[in-house]
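Asks: I'd like to ask some things about the structure below.
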Amino acid sequence: MALNVLEQLPGNTSEYGSAEYFHRMIEAMRIAFADTRYYVADPDKVHVPVREMLSKEYARERAKLFSAERASCDVKRGSPANMCNTCSFCAVDRD
């Protein structure tokens with residue numbers, strides 16, 4: 001995922017080992033980790049949208065979070081296609 005995001009970032013002219021180079025790498029990993037931390041699960045128990053998360057289209061969307069001027073402090077997870085993002089809560093008593 002991080003490599004897909006890196007591929008989408010504009011202006012990859014930074015010199016290997018420069019501050020700009022590491023900034024791009026670190027930010028791409030932060031964006032990818034925001035999703036992987038949320039969606040990591042046992043695929044036998046829950047749907048994990050691997051194909052969607054690895055798509056170039058999704059990487060283009062996530063790459064929009066990148067800023068060349070600042071570091072991201074709190075990257076929010078994305079919402080890959082085909083995710084319903086719903087949950088349910090039930091409370092039951094003896095009656």
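Residues are named by chain letter and number: chains run A, B, ... in the order of the structure tokens, numbers start at 1 in each chain, and ligands are numbered from 1 in the order shown.
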Just the residues within 10 Å of Leu9 of chain A, please, counting only C-alpha atoms, with nothing from its chain fewer than 4 positions along; format it as a PyMOL selection string.
Replies: chain A and resi 4-5+24+28+59-60+62-68
Asks: Next, write the just-selected residues to a file, as a short mmCIF file (atom, residue, chain, number, x, y, z; two decimals), in the first residue's frame, keeping N, CA and C atoms as the atom set.
Replies:
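Result file follows (part17.cif):
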data_model
loop_
_atom_site.label_atom_id
_atom_site.label_comp_id
_atom_site.auth_asym_id
_atom_site.auth_seq_id
_atom_site.Cartn_x
_atom_site.Cartn_y
_atom_site.Cartn_z
N ASN A 4 2.26 1.87 -3.42
CA ASN A 4 1.23 2.41 -4.31
C ASN A 4 1.02 3.89 -4.04
N VAL A 5 1.00 4.29 -2.79
CA VAL A 5 0.85 5.71 -2.45
C VAL A 5 2.05 6.50 -2.96
N ARG A 24 8.87 11.66 2.26
CA ARG A 24 7.95 10.97 1.35
C ARG A 24 7.73 9.53 1.80
N ALA A 28 4.13 8.12 3.32
CA ALA A 28 3.45 7.04 2.60
C ALA A 28 3.17 5.87 3.54
N ALA A 59 -5.08 4.11 -3.93
CA ALA A 59 -3.81 4.78 -3.63
C ALA A 59 -3.85 6.24 -4.07
N ARG A 60 -4.45 6.51 -5.23
CA ARG A 60 -4.58 7.90 -5.69
C ARG A 60 -5.38 8.73 -4.69
N ARG A 62 -5.82 8.08 -1.44
CA ARG A 62 -5.07 8.21 -0.18
C ARG A 62 -3.87 9.15 -0.31
N ALA A 63 -3.26 9.20 -1.50
CA ALA A 63 -2.10 10.06 -1.72
C ALA A 63 -2.46 11.54 -1.57
N LYS A 64 -3.73 11.87 -1.67
CA LYS A 64 -4.17 13.26 -1.50
C LYS A 64 -3.91 13.77 -0.08
N LEU A 65 -3.69 12.86 0.85
CA LEU A 65 -3.40 13.24 2.23
C LEU A 65 -1.97 13.73 2.41
N PHE A 66 -1.11 13.45 1.45
CA PHE A 66 0.30 13.80 1.55
C PHE A 66 0.51 15.30 1.45
N SER A 67 1.37 15.81 2.32
CA SER A 67 1.80 17.20 2.26
C SER A 67 3.32 17.22 2.25
N ALA A 68 3.90 17.90 1.28
CA ALA A 68 5.36 18.01 1.21
C ALA A 68 5.88 18.98 2.26
#
Asks: When you look at Met29 of chain A with a cut-off of 9 Å (counting only C-alpha atoms), what residues show up, excluding the ones that are within fewer than 6 positions of it in the same chain? I need them as a ChimeraX atom specification.
Replies: /A:1-3,5-6
Asks: Here is a test: counting only C-alpha atoms, which residue of A:Pro43, A:Gly17, A:Pro10, A:Gly78 is nearest to Tyr58 of chain A?
Replies: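 Closest residue, counting only C-alpha atoms: A:Gly78.
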Asks: Would you kindly return, as an MDAnalysis selection string, each protein, DNA or RNA residue with an atom no farther than 8 Å from any atom of Arg30 of chain A, considering only C-alpha atoms and excluding same-chain residues fewer than 4 positions away?
Replies: chainID A and resid 26 34 72 75
Asks: Residues of chain A classed as helix (DSSP H, G or I) by DSSP on the backbone are to be reported as a PyMOL selection string.
Replies: chain A and resi 2-8+19-39+50-53+56-63
Asks: Please indicate the distance in Å from atom CA of Ser55 of chain A to atom CA of Ser18 of chain A, rounded to one decimal place.
Replies: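 For atom CA of Ser55 of chain A relative to atom CA of Ser18 of chain A, the distance reads 28.6 Å.
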Asks: Between A:Met25, A:Val40, A:Ala91, A:Val46, which residue has the minimum interatomic distance to Ala71 of chain A, considering only C-alpha atoms?
Replies: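 When distances to Ala71 of chain A are compared using only C-alpha atoms, the smallest one comes from A:Met25.
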Asks: So what do you get for atom CA of Gln8 of chain A versus atom CA of Val48 of chain A, distance-wise?
Replies: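 These two atoms are separated by 23.1 Å.
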Asks: Just the number, please: distance in Å from atom CA of Ala32 of chain A to atom CA of Val50 of chain A, one decimal.
Replies: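 Taking atom CA of Ala32 of chain A as the start and atom CA of Val50 of chain A as the end point, the length is 12.3 Å.
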